[in-house]
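What follows is one structure encoded as structure tokens, with my remarks underneath.
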Amino acid sequence: MTDNLSIVVQVAAGLIVQDGRYLIARRKAHVHLGGLWEFPGGKREAGESLEECLRRELREELGIEITPPIRFRVFRHTYPEQSVELHFFRCAIHAGQARALDCEELRWVAPEELARFEFPAADRSLLEELTAAR
């Protein structure tokens, strides 16, 4: 039997800023943590760098190409079913217009508005930092 908590899922997420607002996405209802808001991104696949993962996920989920991602923060969080290591990158949209291709909806929100949205517990430290930095 495999211990799910011994496996750490690596996730790359984009802090996409435009006109002082962050792009957030609502997860589809049927997925893990469905209905919650997140900074767009996803799980790293075998043989893929975190930067490549972020580019692929944002292309698939939002239909955009991004500027070179700049490492911002890494947070680790343990849920009852798995542990995640979240790698957040600052970036901007280089080409395309963000569309909700693989999520419920998208919103551009100012840092002070982030508290109005329900995010996964793993994002709590980042949200506190972004809200305090304004």
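Order determines the names: the first chain of the structure tokens is A, the second B, and so forth; residues in each chain are numbered 1 upward, and ligands are numbered 1 upward as they are shown.
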
Identify, on the basis of only C-alpha atoms, every residue whose closest approach to range 97-102 of chain A does not exceed 9 Å; exclude the query and any residue fewer than 6 positions from it along the same chain; express the result as a count of residues only.
-> 12

Find the residues near range 125-127 of chain A: any atom within 10 Å, counting only C-alpha atoms, skip ones fewer than 5 places away on the same chain, and give them as a ChimeraX atom specification.
-> /A:72-75,88,111-112,114-115,119,132-133

Write out as a VMD selection string the residues lying within 9 Å of Lys43 in chain A, counting only C-alpha atoms and excluding same-chain residues fewer than 2 positions away.
-> chain A and resid 9 to 13 41 45 50 53 to 54 57

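Of the residues listed (A:Arg59, A:Leu130, A:Arg71, A:Cys91), A:Leu130 shows the shortest atom-to-atom separation from Val109 in chain A; distances use only C-alpha atoms.
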
Would you give me, as an NGL selection string, the residues in range 16-122 of chain A that DSSP reads as alpha helix (DSSP H)?
-> :A and (50-62)

Check the DSSP output for the backbone and give back, as a PyMOL selection string, the residues of chain A in strand (DSSP E or B).
-> chain A and resi 8-18+21-26+37-38+41-43+65-66+70-78+83-91+93-95+105-109

Proximity to Glu52 in chain A - best of A:Ser83, A:Pro68, A:Ile7, A:Glu38, only C-alpha atoms | A:Pro68

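The space separating CA of Arg124 in chain A from CA of Arg55 in chain A comes to 23.7 Å.
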
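Taking CA of Val84 in chain A and CA of Ala110 in chain A as the two end points, the separation is 26.0 Å.
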
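The protein and nucleic acid residues lying at most 12 Å from Leu36 in chain A are Ile24, Ala25, Arg26, Arg27, Lys28, Ala29, His30, Val31, Cys103, Glu104, Glu105, Leu106, Arg116, Phe117, Glu118, Phe119, Pro120, Ala121, Ala122 and Asp123 of chain A, with only C-alpha atoms considered and sequence neighbours fewer than 5 positions away removed.
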
Take the residues from that selection and write them out as an mmCIF file, in the first residue's frame, keeping N, CA, C and O atoms.
data_model
loop_
_atom_site.group_PDB
_atom_site.id
_atom_site.type_symbol
_atom_site.label_atom_id
_atom_site.label_comp_id
_atom_site.auth_asym_id
_atom_site.auth_seq_id
_atom_site.Cartn_x
_atom_site.Cartn_y
_atom_site.Cartn_z
ATOM 1 N N ILE A 24 -7.339 35.312 -11.712
ATOM 2 C CA ILE A 24 -7.647 34.107 -10.943
ATOM 3 C C ILE A 24 -8.674 33.292 -11.707
ATOM 4 O O ILE A 24 -9.434 33.821 -12.534
ATOM 5 N N ALA A 25 -8.680 31.984 -11.440
ATOM 6 C CA ALA A 25 -9.571 31.069 -12.142
ATOM 7 C C ALA A 25 -10.334 30.221 -11.128
ATOM 8 O O ALA A 25 -9.787 29.853 -10.089
ATOM 9 N N ARG A 26 -11.584 29.915 -11.445
ATOM 10 C CA ARG A 26 -12.363 29.032 -10.565
ATOM 11 C C ARG A 26 -12.281 27.616 -11.110
ATOM 12 O O ARG A 26 -12.568 27.371 -12.282
ATOM 13 N N ARG A 27 -11.919 26.692 -10.217
ATOM 14 C CA ARG A 27 -11.777 25.289 -10.584
ATOM 15 C C ARG A 27 -13.130 24.678 -10.941
ATOM 16 O O ARG A 27 -14.149 25.024 -10.351
ATOM 17 N N LYS A 28 -13.118 23.756 -11.896
ATOM 18 C CA LYS A 28 -14.351 23.054 -12.257
ATOM 19 C C LYS A 28 -14.849 22.267 -11.053
ATOM 20 O O LYS A 28 -14.056 21.794 -10.233
ATOM 21 N N ALA A 29 -16.163 22.114 -10.961
ATOM 22 C CA ALA A 29 -16.792 21.489 -9.793
ATOM 23 C C ALA A 29 -16.347 20.045 -9.561
ATOM 24 O O ALA A 29 -16.235 19.619 -8.419
ATOM 25 N N HIS A 30 -16.064 19.293 -10.623
ATOM 26 C CA HIS A 30 -15.782 17.853 -10.485
ATOM 27 C C HIS A 30 -14.319 17.523 -10.171
ATOM 28 O O HIS A 30 -13.993 16.364 -9.976
ATOM 29 N N VAL A 31 -13.432 18.502 -10.099
ATOM 30 C CA VAL A 31 -12.016 18.227 -9.842
ATOM 31 C C VAL A 31 -11.698 18.403 -8.358
ATOM 32 O O VAL A 31 -12.514 18.915 -7.590
ATOM 33 N N CYS A 103 -11.503 25.746 -17.076
ATOM 34 C CA CYS A 103 -11.886 26.179 -15.729
ATOM 35 C C CYS A 103 -13.290 26.762 -15.844
ATOM 36 O O CYS A 103 -13.774 26.985 -16.945
ATOM 37 N N GLU A 104 -13.941 26.987 -14.703
ATOM 38 C CA GLU A 104 -15.321 27.505 -14.726
ATOM 39 C C GLU A 104 -15.398 28.956 -15.194
ATOM 40 O O GLU A 104 -16.243 29.303 -15.994
ATOM 41 N N GLU A 105 -14.528 29.801 -14.614
ATOM 42 C CA GLU A 105 -14.544 31.214 -14.995
ATOM 43 C C GLU A 105 -13.237 31.880 -14.592
ATOM 44 O O GLU A 105 -12.457 31.333 -13.811
ATOM 45 N N LEU A 106 -13.023 33.065 -15.132
ATOM 46 C CA LEU A 106 -11.830 33.862 -14.848
ATOM 47 C C LEU A 106 -12.258 35.229 -14.334
ATOM 48 O O LEU A 106 -13.310 35.740 -14.724
ATOM 49 N N ARG A 116 -12.145 38.199 -0.898
ATOM 50 C CA ARG A 116 -13.565 37.938 -1.193
ATOM 51 C C ARG A 116 -13.785 36.579 -1.854
ATOM 52 O O ARG A 116 -14.930 36.148 -2.016
ATOM 53 N N PHE A 117 -12.708 35.941 -2.283
ATOM 54 C CA PHE A 117 -12.801 34.688 -3.018
ATOM 55 C C PHE A 117 -12.281 33.539 -2.165
ATOM 56 O O PHE A 117 -11.332 33.706 -1.401
ATOM 57 N N GLU A 118 -12.887 32.372 -2.318
ATOM 58 C CA GLU A 118 -12.468 31.204 -1.539
ATOM 59 C C GLU A 118 -11.400 30.432 -2.317
ATOM 60 O O GLU A 118 -11.658 29.921 -3.402
ATOM 61 N N PHE A 119 -10.205 30.383 -1.747
ATOM 62 C CA PHE A 119 -9.052 29.695 -2.331
ATOM 63 C C PHE A 119 -8.740 28.433 -1.523
ATOM 64 O O PHE A 119 -9.123 28.337 -0.356
ATOM 65 N N PRO A 120 -8.004 27.490 -2.105
ATOM 66 C CA PRO A 120 -7.553 26.323 -1.334
ATOM 67 C C PRO A 120 -6.663 26.761 -0.165
ATOM 68 O O PRO A 120 -5.998 27.798 -0.229
ATOM 69 N N ALA A 121 -6.635 25.951 0.876
ATOM 70 C CA ALA A 121 -5.827 26.244 2.060
ATOM 71 C C ALA A 121 -4.353 26.441 1.707
ATOM 72 O O ALA A 121 -3.662 27.235 2.335
ATOM 73 N N ALA A 122 -3.871 25.749 0.690
ATOM 74 C CA ALA A 122 -2.462 25.838 0.297
ATOM 75 C C ALA A 122 -2.074 27.245 -0.156
ATOM 76 O O ALA A 122 -0.899 27.607 -0.114
ATOM 77 N N ASP A 123 -3.033 28.050 -0.580
ATOM 78 C CA ASP A 123 -2.755 29.396 -1.082
ATOM 79 C C ASP A 123 -2.783 30.467 0.012
ATOM 80 O O ASP A 123 -2.492 31.629 -0.242
#

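Here CA of Ala46 in chain A stands at a distance of 20.7 Å from CA of Glu81 in chain A.
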